[in-house]
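The next block is coords_36.csv, given as CSV, C-alpha atoms.
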chain,number,residue,atom,x,y,z
A,248,MET,CA,79.1,-153.3,185.4
A,249,ALA,CA,76.5,-151.9,187.9
A,250,ASP,CA,72.9,-152.5,187.2
A,251,ALA,CA,71.4,-150.1,184.7
A,252,THR,CA,69.1,-147.6,186.4
A,253,GLU,CA,68.4,-144.7,184.0
A,254,ILE,CA,65.2,-144.0,182.2
A,255,TRP,CA,65.3,-142.6,178.6
A,256,LEU,CA,62.2,-140.6,177.9
A,257,ALA,CA,61.0,-139.4,174.5
A,258,LEU,CA,59.2,-136.5,176.2
A,259,PRO,CA,60.7,-133.9,178.4
A,260,PRO,CA,60.6,-135.3,182.0
A,261,GLU,CA,59.1,-132.1,183.4
A,262,SER,CA,56.1,-132.5,181.0
A,263,VAL,CA,55.1,-135.8,182.6
A,264,ASP,CA,53.2,-135.5,185.9
A,265,GLY,CA,53.8,-138.0,188.7
A,266,LEU,CA,57.2,-139.3,187.7
A,267,PRO,CA,58.9,-141.1,190.6
A,268,ASP,CA,61.7,-139.0,192.0
A,269,THR,CA,63.7,-142.1,192.8
A,270,LEU,CA,64.6,-142.6,189.1
A,271,THR,CA,67.1,-140.8,186.9
A,272,TYR,CA,65.7,-139.5,183.6
A,273,ARG,CA,67.4,-138.7,180.3
A,274,TYR,CA,65.5,-137.0,177.5
A,275,TRP,CA,66.1,-138.3,174.0
A,276,ALA,CA,63.8,-137.7,171.0
A,277,GLY,CA,66.0,-139.2,168.3
A,278,GLU,CA,68.9,-136.8,168.0
A,279,GLU,CA,72.2,-137.9,166.6
A,280,GLU,CA,73.9,-137.6,170.0
A,281,PHE,CA,72.7,-139.8,172.8
A,282,PRO,CA,72.0,-138.1,176.2
A,283,ALA,CA,74.1,-140.6,178.1
A,284,ASP,CA,75.7,-144.0,177.8
A,285,PRO,CA,73.0,-146.4,176.5
A,286,ALA,CA,74.5,-149.2,178.6
A,287,ASP,CA,73.1,-147.4,181.7
A,288,CYS,CA,69.5,-147.3,180.3
A,289,ALA,CA,67.1,-149.7,182.0
A,290,PHE,CA,63.8,-148.3,180.6
A,291,TYR,CA,63.7,-147.0,177.0
A,292,VAL,CA,60.8,-145.0,175.7
A,293,VAL,CA,61.1,-145.1,171.9
A,294,PRO,CA,60.9,-141.7,170.3
A,295,TYR,CA,57.7,-141.1,168.4
A,296,TYR,CA,57.5,-140.5,164.6
A,297,VAL,CA,61.3,-140.9,164.0
A,298,GLY,CA,61.3,-144.0,161.8
A,299,ALA,CA,62.6,-147.5,162.5
A,300,GLU,CA,66.3,-146.8,161.9
A,301,VAL,CA,66.4,-144.1,164.6
A,302,ALA,CA,64.2,-146.0,166.9
A,303,VAL,CA,66.4,-149.1,167.1
A,304,ARG,CA,69.8,-147.3,166.9
A,305,PRO,CA,70.6,-147.2,170.7
A,306,LEU,CA,69.2,-150.7,171.4
A,307,ALA,CA,72.4,-152.6,170.4
A,308,ARG,CA,74.3,-150.7,173.1
A,309,MET,CA,71.5,-151.0,175.8
A,310,THR,CA,73.1,-154.0,177.5
A,311,GLY,CA,71.2,-153.4,180.7
A,312,ILE,CA,67.8,-152.7,179.2
A,313,ARG,CA,64.8,-154.3,180.9
A,314,VAL,CA,61.8,-152.4,179.4
A,315,VAL,CA,61.2,-151.0,175.9
A,316,GLN,CA,58.1,-148.8,175.8
A,317,THR,CA,56.8,-147.6,172.4
A,318,LEU,CA,54.5,-144.7,171.9
A,319,THR,CA,52.8,-146.5,169.1
A,320,ALA,CA,50.1,-149.2,169.0
A,321,GLY,CA,52.3,-151.3,166.8
A,322,ILE,CA,55.8,-152.5,167.5
A,323,ASP,CA,56.8,-153.5,163.9
A,324,HIS,CA,59.3,-150.6,163.7
A,325,ILE,CA,61.4,-152.2,166.5
A,326,ALA,CA,60.5,-155.9,165.9
A,327,SER,CA,63.9,-156.6,164.2
A,328,ALA,CA,65.7,-155.6,167.4
A,329,ILE,CA,63.7,-157.7,169.8
A,330,PRO,CA,65.5,-161.0,169.3
A,331,ARG,CA,68.8,-159.3,170.2
A,332,LEU,CA,67.6,-157.7,173.4
A,333,PRO,CA,68.8,-159.2,176.8
A,334,ALA,CA,66.6,-162.1,177.8
A,335,GLY,CA,63.6,-161.1,179.8
A,336,THR,CA,63.3,-157.6,178.4
A,337,ARG,CA,59.7,-156.6,178.2
A,338,VAL,CA,58.3,-154.7,175.2
A,339,CYS,CA,55.2,-152.6,175.9
A,340,ASN,CA,53.0,-150.8,173.4
A,341,ALA,CA,50.9,-147.6,173.7
A,342,ARG,CA,47.5,-149.2,173.8
A,343,GLY,CA,45.0,-146.5,174.7
A,344,VAL,CA,47.1,-143.6,173.4
A,345,HIS,CA,46.1,-143.7,169.7
A,346,ASP,CA,42.7,-145.5,169.9
A,347,ALA,CA,40.5,-142.5,169.7
A,348,SER,CA,42.5,-140.6,167.1
A,349,THR,CA,42.9,-143.6,164.8
A,350,ALA,CA,39.2,-144.5,165.1
A,351,GLU,CA,38.3,-140.9,164.3
A,352,LEU,CA,40.3,-141.0,161.1
A,353,ALA,CA,38.9,-144.4,160.1
A,354,LEU,CA,35.4,-142.8,160.3
A,355,ALA,CA,36.6,-139.7,158.5
A,356,LEU,CA,38.1,-141.7,155.6
A,357,THR,CA,35.0,-143.9,155.4
A,358,LEU,CA,32.6,-140.9,155.2
A,359,GLY,CA,34.9,-138.9,153.0
A,360,SER,CA,35.2,-141.7,150.5
A,361,LEU,CA,31.5,-142.7,150.5
A,362,ARG,CA,30.4,-139.1,150.0
A,363,ASP,CA,33.3,-138.4,147.6
A,364,LEU,CA,34.5,-135.3,149.5
A,365,PRO,CA,37.7,-135.3,147.4
A,366,GLY,CA,35.6,-134.8,144.4
A,367,SER,CA,33.8,-131.9,146.0
A,368,VAL,CA,37.1,-130.3,147.0
A,369,ARG,CA,38.4,-130.5,143.5
A,370,ALA,CA,35.1,-129.0,142.2
A,371,GLN,CA,35.4,-126.2,144.7
A,372,ASP,CA,38.9,-125.5,143.4
A,373,ARG,CA,37.4,-125.1,139.9
A,374,GLY,CA,34.4,-123.1,141.1
A,375,GLU,CA,32.0,-125.8,140.0
A,376,TRP,CA,28.7,-126.8,141.6
A,377,LEU,CA,28.4,-130.5,141.0
A,378,PRO,CA,25.5,-132.1,142.9
A,379,ASP,CA,25.4,-135.9,142.8
A,380,PHE,CA,24.0,-139.0,144.6
A,381,HIS,CA,26.4,-140.9,146.9
A,382,PRO,CA,26.1,-143.9,149.3
A,383,ALA,CA,25.5,-143.3,153.0
A,384,LEU,CA,27.1,-145.1,155.9
A,385,ALA,CA,23.7,-145.7,157.3
A,386,ASP,CA,22.3,-149.2,156.7
A,387,ARG,CA,25.7,-150.5,155.5
A,388,THR,CA,27.4,-153.7,156.6
A,389,VAL,CA,30.9,-153.1,158.0
A,390,ALA,CA,33.7,-155.6,158.7
A,391,ILE,CA,36.5,-154.6,161.1
A,392,VAL,CA,39.7,-156.7,160.6
A,393,GLY,CA,42.0,-156.6,163.6
A,394,TYR,CA,39.6,-156.1,166.5
A,395,GLY,CA,41.7,-154.8,169.3
A,396,ALA,CA,41.5,-151.5,171.1
A,397,VAL,CA,41.5,-149.4,167.8
A,398,GLY,CA,38.9,-151.8,166.3
A,399,GLU,CA,36.6,-151.5,169.3
A,400,ALA,CA,37.0,-147.7,169.3
A,401,THR,CA,36.1,-147.6,165.6
A,402,GLU,CA,33.0,-149.7,166.2
A,403,ARG,CA,31.8,-147.4,169.0
A,404,ARG,CA,32.0,-144.5,166.6
A,405,LEU,CA,30.3,-146.4,163.8
A,406,LEU,CA,27.2,-147.3,165.8
A,407,PRO,CA,25.7,-143.8,166.0
A,408,PHE,CA,25.7,-143.8,162.1
A,409,GLU,CA,23.1,-146.5,162.1
A,410,VAL,CA,25.1,-149.1,160.3
A,411,ALA,CA,23.2,-152.3,159.5
A,412,ALA,CA,25.8,-154.7,161.0
A,413,VAL,CA,29.4,-154.8,162.3
A,414,HIS,CA,31.4,-158.0,161.9
A,415,ARG,CA,34.5,-158.3,164.0
A,416,PHE,CA,37.6,-160.3,163.2
A,417,ALA,CA,40.8,-160.9,165.0
A,418,ARG,CA,43.5,-163.6,165.3
A,419,SER,CA,41.3,-165.8,167.5
A,420,ALA,CA,37.7,-165.9,168.5
A,421,ARG,CA,36.5,-164.3,171.7
A,422,ASN,CA,33.6,-162.4,173.2
A,423,ALA,CA,34.1,-158.6,173.3
A,424,PRO,CA,31.9,-155.9,175.0
A,425,LEU,CA,30.1,-155.1,171.8
A,426,GLY,CA,29.7,-158.6,170.5
A,427,PRO,CA,31.5,-161.8,169.4
A,428,VAL,CA,34.8,-161.6,167.6
A,429,ARG,CA,35.4,-164.2,164.9
A,430,PRO,CA,38.8,-165.6,163.8
A,431,LEU,CA,40.5,-164.2,160.7
A,432,SER,CA,40.1,-167.6,159.1
A,433,GLU,CA,36.3,-167.0,158.7
A,434,ILE,CA,36.5,-163.6,157.1
A,435,GLY,CA,35.9,-165.0,153.6
A,436,GLU,CA,32.3,-165.7,154.6
A,437,VAL,CA,31.6,-162.1,155.3
A,438,LEU,CA,33.5,-160.3,152.5
A,439,PRO,CA,30.8,-160.8,149.9
A,440,GLN,CA,28.3,-159.0,152.1
A,441,ALA,CA,30.5,-156.2,153.5
A,442,ASP,CA,30.1,-152.7,152.1
A,443,VAL,CA,33.0,-151.4,154.1
A,444,VAL,CA,36.1,-153.3,155.3
A,445,ILE,CA,38.2,-151.4,157.9
A,446,LEU,CA,41.7,-152.6,158.6
A,447,THR,CA,42.9,-152.0,162.2
A,448,THR,CA,45.2,-155.0,162.6
A,449,PRO,CA,48.8,-154.9,163.7
A,450,LEU,CA,51.4,-155.8,161.2
A,451,THR,CA,52.6,-159.4,162.0
A,452,ASP,CA,53.8,-162.3,160.0
A,453,GLU,CA,50.2,-163.5,159.9
A,454,THR,CA,48.8,-160.2,158.6
A,455,ARG,CA,51.5,-159.1,156.2
A,456,GLY,CA,49.9,-159.3,152.8
A,457,LEU,CA,46.6,-160.5,154.3
A,458,VAL,CA,44.6,-158.3,151.9
A,459,ASP,CA,45.8,-159.9,148.7
A,460,ALA,CA,44.2,-160.6,145.3
A,461,ASP,CA,42.1,-163.4,146.7
A,462,PHE,CA,40.9,-161.3,149.6
A,463,MET,CA,39.8,-158.5,147.4
A,464,ALA,CA,38.3,-160.8,144.8
A,465,ARG,CA,35.9,-161.9,147.6
A,466,MET,CA,34.8,-158.4,148.3
A,467,LYS,CA,31.5,-157.2,146.8
A,468,ASP,CA,31.4,-154.9,143.8
A,469,GLY,CA,31.6,-151.3,144.9
A,470,ALA,CA,32.9,-152.1,148.4
A,471,LEU,CA,35.3,-149.7,150.2
A,472,LEU,CA,38.5,-150.8,151.8
A,473,VAL,CA,39.8,-148.5,154.6
A,474,ASN,CA,43.3,-149.0,155.9
A,475,VAL,CA,44.4,-147.3,159.2
A,476,ALA,CA,46.6,-150.3,160.1
A,477,ARG,CA,49.9,-150.7,158.3
A,478,GLY,CA,50.5,-150.4,154.6
A,479,ALA,CA,52.0,-153.9,154.2
A,480,VAL,CA,48.8,-155.5,155.4
A,481,VAL,CA,47.6,-154.8,151.8
A,482,ASP,CA,49.1,-156.1,148.6
A,483,THR,CA,49.6,-152.9,146.7
A,484,GLU,CA,49.7,-154.5,143.3
A,485,ALA,CA,46.5,-156.4,143.9
A,486,LEU,CA,44.9,-153.1,145.2
A,487,LEU,CA,45.9,-151.3,142.0
A,488,ALA,CA,44.4,-154.1,139.9
A,489,GLU,CA,41.0,-153.7,141.7
A,490,THR,CA,40.8,-150.0,141.9
A,491,GLY,CA,41.0,-149.2,138.2
A,492,THR,CA,43.2,-147.5,135.7
A,493,PRO,CA,45.2,-144.5,137.0
A,494,ALA,CA,44.6,-141.0,135.7
A,495,SER,CA,47.3,-139.2,133.8
A,496,ALA,CA,47.9,-136.8,136.7
A,497,PRO,CA,46.8,-136.6,140.3
A,498,GLY,CA,43.3,-135.1,140.5
A,499,ALA,CA,42.7,-135.6,136.8
A,500,GLU,CA,39.4,-137.2,135.8
A,501,ASP,CA,40.6,-139.5,133.0
A,502,GLY,CA,41.2,-142.6,135.1
A,503,VAL,CA,38.9,-145.5,134.8
A,504,PRO,CA,37.2,-146.6,138.2
A,505,GLY,CA,37.7,-150.2,139.3
A,506,ARG,CA,35.5,-152.6,141.0
A,507,LEU,CA,36.6,-151.5,144.5
A,508,ARG,CA,37.4,-148.2,146.2
A,509,ALA,CA,40.0,-147.5,148.9
A,510,ALA,CA,40.7,-145.0,151.6
A,511,LEU,CA,44.3,-145.3,152.9
A,512,ASP,CA,46.1,-143.7,155.8
A,513,VAL,CA,49.0,-146.1,155.3
A,514,THR,CA,50.6,-147.4,152.1
A,515,ASP,CA,53.3,-149.8,150.9
A,516,PRO,CA,55.7,-148.3,150.2
A,517,GLU,CA,55.6,-145.5,152.7
A,518,PRO,CA,56.1,-142.6,152.2
A,519,LEU,CA,54.4,-143.1,148.8
A,520,PRO,CA,56.7,-141.9,146.0
A,521,LYS,CA,55.5,-138.9,144.1
A,522,ASP,CA,55.1,-140.9,140.8
A,523,HIS,CA,53.4,-143.9,142.3
A,524,PRO,CA,50.1,-144.8,140.5
A,525,LEU,CA,48.2,-145.0,143.8
A,526,TRP,CA,48.1,-141.2,143.8
A,527,ARG,CA,46.3,-141.2,140.5
A,528,MET,CA,43.8,-144.1,141.1
A,529,PRO,CA,40.1,-143.0,140.8
A,530,GLY,CA,38.2,-143.9,143.9
A,531,VAL,CA,41.3,-143.9,146.1
A,532,LEU,CA,41.6,-141.4,149.0
A,533,ILE,CA,45.1,-141.1,150.6
A,534,THR,CA,46.2,-139.4,153.8
A,535,PRO,CA,49.9,-139.4,154.9
A,536,HIS,CA,49.7,-141.6,158.0
A,537,LEU,CA,47.7,-139.2,160.1
A,538,GLY,CA,46.0,-141.7,162.4
A,539,GLY,CA,48.1,-141.1,165.6
A,540,PRO,CA,49.6,-137.6,165.5
A,541,THR,CA,46.8,-135.4,166.8
A,542,SER,CA,46.2,-133.1,169.8
A,543,ALA,CA,45.2,-136.2,171.8
A,544,PHE,CA,48.6,-137.8,171.6
A,545,TYR,CA,50.7,-135.8,174.1
A,546,PRO,CA,48.3,-135.8,177.1
A,547,ARG,CA,47.6,-139.5,176.6
A,548,ALA,CA,51.2,-140.4,176.1
A,549,ARG,CA,52.2,-138.5,179.3
A,550,ARG,CA,49.5,-140.3,181.3
A,551,LEU,CA,50.7,-143.7,180.0
A,552,LEU,CA,54.4,-142.9,180.8
A,553,GLY,CA,53.7,-141.6,184.2
A,554,ALA,CA,51.6,-144.7,185.1
A,555,GLN,CA,54.1,-147.1,183.7
A,556,LEU,CA,57.0,-145.6,185.5
A,557,ARG,CA,55.2,-145.5,188.8
A,558,ARG,CA,54.5,-149.2,188.4
A,559,TRP,CA,58.1,-149.8,187.4
A,560,ALA,CA,59.4,-147.9,190.5
A,561,ALA,CA,57.0,-149.9,192.7
A,562,GLY,CA,58.0,-153.2,191.3
A,563,GLU,CA,54.5,-153.8,189.9
A,564,GLU,CA,53.5,-155.5,186.7
A,565,LEU,CA,53.6,-153.2,183.7
A,566,GLU,CA,50.6,-152.8,181.4
A,567,ASN,CA,50.5,-153.4,177.6
A,568,THR,CA,53.3,-156.0,177.5
A,569,VAL,CA,53.2,-157.5,174.0
A,570,ALA,CA,56.5,-159.3,173.8
A,571,VAL,CA,59.3,-160.6,176.0
A,572,ALA,CA,62.8,-161.1,174.7
What does the file become when written as structure tokens?
Amino acid sequence: MADATEIWLALPPESVDGLPDTLTYRYWAGEEEFPADPADCAFYVVPYYVGAEVAVRPLARMTGIRVVQTLTAGIDHIASAIPRLPAGTRVCNARGVHDASTAELALALTLGSLRDLPGSVRAQDRGEWLPDFHPALADRTVAIVGYGAVGEATERRLLPFEVAAVHRFARSARNAPLGPVRPLSEIGEVLPQADVVILTTPLTDETRGLVDADFMARMKDGALLVNVARGAVVDTEALLAETGTPASAPGAEDGVPGRLRAALDVTDPEPLPKDHPLWRMPGVLITPHLGGPTSAFYPRARRLLGAQLRRWAAGEELENTVAVA
């Protein structure tokens, strides 16, 4: 078989500026029919927002694949297929595409939960004026768990709110532009002081179930857990135990608040079933995985793809390589 040479793009080729005209492009956004023989694909851009089953479907037939480029920061949705890729295949993520949008949502969830904006919305629906006293973000201590590009973007947005301190945690210790990053093994020392814990970590074997009953038991009373990472980073049963007794119906006020509060853009399971008790937990704010899909996605994704394919055509090293088969 001749060497594979085609590029499968998840965005229309005409929408991406600066694509090398020496390459052949096929547009595939996850439809049932493939645009061409997968065996001819050398560079596969994984369709965005299609789910793991669709994302990995052509990979088994991509015998000539050399690069798999996701449009997500995490690669957990294709991780199961990586061991079966041809040796040397590079897997690249979309670092830089979702940082701003996800960090914005982390701040929105934090502020919305601290100021109980859901309660105000429900009161507005009832036509009730219910003034109350709520915690501010100012002067609060924040821990960011998973201090990569999204974590740093989140901290840069936190600082203008005059937080008292930001503690950074990642897989290993290092120095970052905004300060030292501590290893995850040391997070237990900070949890008793943290008013807000923001999860921005990728889902790996190390981080799956990281926020378990022991983790939450170490958090201070009244602390807020914000998850814009992946649902499986948090043990859902342990979270339910710490956030109270569910109300009889979503939005009802007969639930009993727990020791902790949570603001979740991701859940386990996901999508969250309609009858799941998380919907009815007092002090839990849920958004349906909105961190990445915003107006910022398409222009940033186009810039990333154009730059990566220009490097590919020139024989240069690709950016954002996170795994090699």
At a cut-off of 9 Å around the point (34.3, -157.9, 156.3) (file coordinates), what residues fall inside when counting all atoms listed in the file? I'd like the answer as a PDB file with C-alpha atoms, in the coordinates of the input.
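Final output, selection_30.pdb:
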ATOM      1  CA  THR A 388      27.400-153.700 156.600  1.00  0.00           C
ATOM      2  CA  VAL A 389      30.900-153.100 158.000  1.00  0.00           C
ATOM      3  CA  ALA A 390      33.700-155.600 158.700  1.00  0.00           C
ATOM      4  CA  ILE A 391      36.500-154.600 161.100  1.00  0.00           C
ATOM      5  CA  VAL A 392      39.700-156.700 160.600  1.00  0.00           C
ATOM      6  CA  VAL A 413      29.400-154.800 162.300  1.00  0.00           C
ATOM      7  CA  HIS A 414      31.400-158.000 161.900  1.00  0.00           C
ATOM      8  CA  ARG A 415      34.500-158.300 164.000  1.00  0.00           C
ATOM      9  CA  PHE A 416      37.600-160.300 163.200  1.00  0.00           C
ATOM     10  CA  ILE A 434      36.500-163.600 157.100  1.00  0.00           C
ATOM     11  CA  GLY A 435      35.900-165.000 153.600  1.00  0.00           C
ATOM     12  CA  GLU A 436      32.300-165.700 154.600  1.00  0.00           C
ATOM     13  CA  VAL A 437      31.600-162.100 155.300  1.00  0.00           C
ATOM     14  CA  LEU A 438      33.500-160.300 152.500  1.00  0.00           C
ATOM     15  CA  PRO A 439      30.800-160.800 149.900  1.00  0.00           C
ATOM     16  CA  GLN A 440      28.300-159.000 152.100  1.00  0.00           C
ATOM     17  CA  ALA A 441      30.500-156.200 153.500  1.00  0.00           C
ATOM     18  CA  ASP A 442      30.100-152.700 152.100  1.00  0.00           C
ATOM     19  CA  VAL A 443      33.000-151.400 154.100  1.00  0.00           C
ATOM     20  CA  VAL A 444      36.100-153.300 155.300  1.00  0.00           C
ATOM     21  CA  ILE A 445      38.200-151.400 157.900  1.00  0.00           C
ATOM     22  CA  MET A 466      34.800-158.400 148.300  1.00  0.00           C
TER      23      MET A 466
END
Per residue of region 290-394 of chain A within 12 Å of region 512-532 of chain A, note the shortest atom pair and the distance in Å to one decimal, counting all atoms listed in the file, and order the rows by chain and increasing residue number, as CSV.
residue,atom,partner,partner_atom,distance
A:Gly298,CA,A:Glu517,CA,10.8
A:Thr349,CA,A:Asp512,CA,9.6
A:Ala350,CA,A:Asp512,CA,11.6
A:Glu351,CA,A:Asp512,CA,11.9
A:Leu352,CA,A:Asp512,CA,8.3
A:Ala353,CA,A:Asp512,CA,8.4
A:Leu354,CA,A:Asp512,CA,11.6
A:Ala355,CA,A:Asp512,CA,10.7
A:Leu356,CA,A:Leu532,CA,7.5
A:Thr357,CA,A:Leu532,CA,9.5
A:Leu358,CA,A:Leu532,CA,10.9
A:Gly359,CA,A:Leu532,CA,8.2
A:Ser360,CA,A:Leu532,CA,6.6
A:Leu361,CA,A:Gly530,CA,9.5
A:Arg362,CA,A:Gly530,CA,11.0
A:Asp363,CA,A:Gly530,CA,8.2
A:Leu364,CA,A:Leu532,CA,9.4
A:Pro365,CA,A:Leu532,CA,7.4
A:Gly366,CA,A:Gly530,CA,9.5
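Near Arg308 (chain A), within a cut-off of 9 Å and counting all atoms listed in the file, sit the residues Asp284, Pro285 and Ala286 of chain A, with same-chain residues fewer than 5 positions away left out.
Residue neighbourhood of Leu486 (chain A), excluding near-sequence residues (fewer than 5 positions): Val458, Asp459, Ala460, Met463, Leu472, Val481, Gly491, Gly505, Leu507, Arg508, Ala509, Leu525, Met528 and Val531 of chain A, at 10 Å, using all atoms listed in the file.
In terms of minimum interatomic distance to Thr336 (chain A), A:Gly311 ranks closest within A:Gly311, A:Gly393, A:Gly321, A:Gly553, counting only C-alpha atoms.
CA of Glu484 (chain A) sits 29.0 Å away from CA of Ala302 (chain A).
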Quick one: pull the distance between CA of Leu270 (chain A) and CA of Leu552 (chain A), Å, one decimal.
13.2 Å
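Closest approach to Leu537 (chain A) among A:Val263, A:Ala554, A:Leu511, A:Ala570: A:Leu511, based on all atoms listed in the file.
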Residues near region 404-408 of chain A, cut-off 7 Å, all atoms listed in the file, skip fewer than 3 positions along chain, as a list in words
Leu384, Ala385, Ala400 and Thr401 of chain A
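When all atoms listed in the file are used to compute distances to Gly469 (chain A), the closest of the residues A:Glu489, A:Asp346, A:Asn567, A:Asp372 turns out to be A:Glu489.
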Which residue of A:Asp386, A:Leu425, A:Pro294, A:Ala488 approaches Arg403 (chain A) most closely, using all atoms listed in the file
A:Leu425
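Restricting the calculation to only C-alpha atoms, the smallest distance between Leu551 (chain A) and any of A:Arg273, A:Arg304, A:His345, A:Arg337 is found for A:His345.
Nearest residue to Ala276 (chain A), choosing from A:Ala251, A:Ala510, A:Val475, A:Leu256 and counting all atoms listed in the file: A:Leu256.
In this structure, CA of Thr483 (chain A) sits 24.9 Å away from CA of Ser348 (chain A).
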Can you save region 444-458 of chain A of the given block to a file, including N, CA, C and O atoms and formatted as a PDB file, in the first residue's frame?
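Contents of part.pdb, freshly written:
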ATOM      1  N   VAL A 444     -12.075  25.194  45.843  1.00  0.00           N
ATOM      2  CA  VAL A 444     -11.181  24.241  45.182  1.00  0.00           C
ATOM      3  C   VAL A 444     -11.672  24.087  43.749  1.00  0.00           C
ATOM      4  O   VAL A 444     -12.808  23.663  43.518  1.00  0.00           O
ATOM      5  N   ILE A 445     -10.825  24.458  42.788  1.00  0.00           N
ATOM      6  CA  ILE A 445     -11.202  24.422  41.373  1.00  0.00           C
ATOM      7  C   ILE A 445     -10.433  23.297  40.682  1.00  0.00           C
ATOM      8  O   ILE A 445      -9.200  23.260  40.716  1.00  0.00           O
ATOM      9  N   LEU A 446     -11.156  22.384  40.056  1.00  0.00           N
ATOM     10  CA  LEU A 446     -10.556  21.249  39.368  1.00  0.00           C
ATOM     11  C   LEU A 446     -10.416  21.553  37.886  1.00  0.00           C
ATOM     12  O   LEU A 446     -11.408  21.795  37.194  1.00  0.00           O
ATOM     13  N   THR A 447      -9.170  21.542  37.389  1.00  0.00           N
ATOM     14  CA  THR A 447      -8.897  21.765  35.968  1.00  0.00           C
ATOM     15  C   THR A 447      -7.965  20.683  35.427  1.00  0.00           C
ATOM     16  O   THR A 447      -7.331  20.875  34.396  1.00  0.00           O
ATOM     17  N   THR A 448      -7.901  19.563  36.110  1.00  0.00           N
ATOM     18  CA  THR A 448      -6.967  18.503  35.753  1.00  0.00           C
ATOM     19  C   THR A 448      -7.494  17.624  34.632  1.00  0.00           C
ATOM     20  O   THR A 448      -8.706  17.420  34.514  1.00  0.00           O
ATOM     21  N   PRO A 449      -6.613  17.078  33.798  1.00  0.00           N
ATOM     22  CA  PRO A 449      -7.071  16.073  32.828  1.00  0.00           C
ATOM     23  C   PRO A 449      -7.474  14.798  33.549  1.00  0.00           C
ATOM     24  O   PRO A 449      -7.077  14.556  34.706  1.00  0.00           O
ATOM     25  N   LEU A 450      -8.265  13.965  32.888  1.00  0.00           N
ATOM     26  CA  LEU A 450      -8.649  12.677  33.448  1.00  0.00           C
ATOM     27  C   LEU A 450      -7.597  11.646  33.065  1.00  0.00           C
ATOM     28  O   LEU A 450      -7.413  11.329  31.888  1.00  0.00           O
ATOM     29  N   THR A 451      -6.899  11.147  34.057  1.00  0.00           N
ATOM     30  CA  THR A 451      -5.880  10.112  33.873  1.00  0.00           C
ATOM     31  C   THR A 451      -6.108   9.027  34.925  1.00  0.00           C
ATOM     32  O   THR A 451      -6.967   9.159  35.797  1.00  0.00           O
ATOM     33  N   ASP A 452      -5.307   7.979  34.871  1.00  0.00           N
ATOM     34  CA  ASP A 452      -5.401   6.946  35.900  1.00  0.00           C
ATOM     35  C   ASP A 452      -5.124   7.539  37.276  1.00  0.00           C
ATOM     36  O   ASP A 452      -5.712   7.105  38.277  1.00  0.00           O
ATOM     37  N   GLU A 453      -4.257   8.532  37.323  1.00  0.00           N
ATOM     38  CA  GLU A 453      -3.900   9.148  38.594  1.00  0.00           C
ATOM     39  C   GLU A 453      -5.006  10.037  39.139  1.00  0.00           C
ATOM     40  O   GLU A 453      -5.202  10.133  40.363  1.00  0.00           O
ATOM     41  N   THR A 454      -5.749  10.700  38.252  1.00  0.00           N
ATOM     42  CA  THR A 454      -6.746  11.662  38.722  1.00  0.00           C
ATOM     43  C   THR A 454      -8.162  11.096  38.774  1.00  0.00           C
ATOM     44  O   THR A 454      -9.050  11.734  39.340  1.00  0.00           O
ATOM     45  N   ARG A 455      -8.397   9.925  38.216  1.00  0.00           N
ATOM     46  CA  ARG A 455      -9.734   9.323  38.277  1.00  0.00           C
ATOM     47  C   ARG A 455     -10.089   9.051  39.741  1.00  0.00           C
ATOM     48  O   ARG A 455      -9.381   8.348  40.448  1.00  0.00           O
ATOM     49  N   GLY A 456     -11.182   9.622  40.211  1.00  0.00           N
ATOM     50  CA  GLY A 456     -11.586   9.447  41.597  1.00  0.00           C
ATOM     51  C   GLY A 456     -10.703  10.171  42.592  1.00  0.00           C
ATOM     52  O   GLY A 456     -10.749   9.890  43.792  1.00  0.00           O
ATOM     53  N   LEU A 457      -9.901  11.115  42.114  1.00  0.00           N
ATOM     54  CA  LEU A 457      -9.003  11.860  43.009  1.00  0.00           C
ATOM     55  C   LEU A 457      -9.774  12.530  44.146  1.00  0.00           C
ATOM     56  O   LEU A 457      -9.366  12.498  45.310  1.00  0.00           O
ATOM     57  N   VAL A 458     -10.899  13.160  43.791  1.00  0.00           N
ATOM     58  CA  VAL A 458     -11.699  13.856  44.802  1.00  0.00           C
ATOM     59  C   VAL A 458     -12.683  12.850  45.377  1.00  0.00           C
ATOM     60  O   VAL A 458     -13.837  12.742  44.959  1.00  0.00           O
TER      61      VAL A 458
END
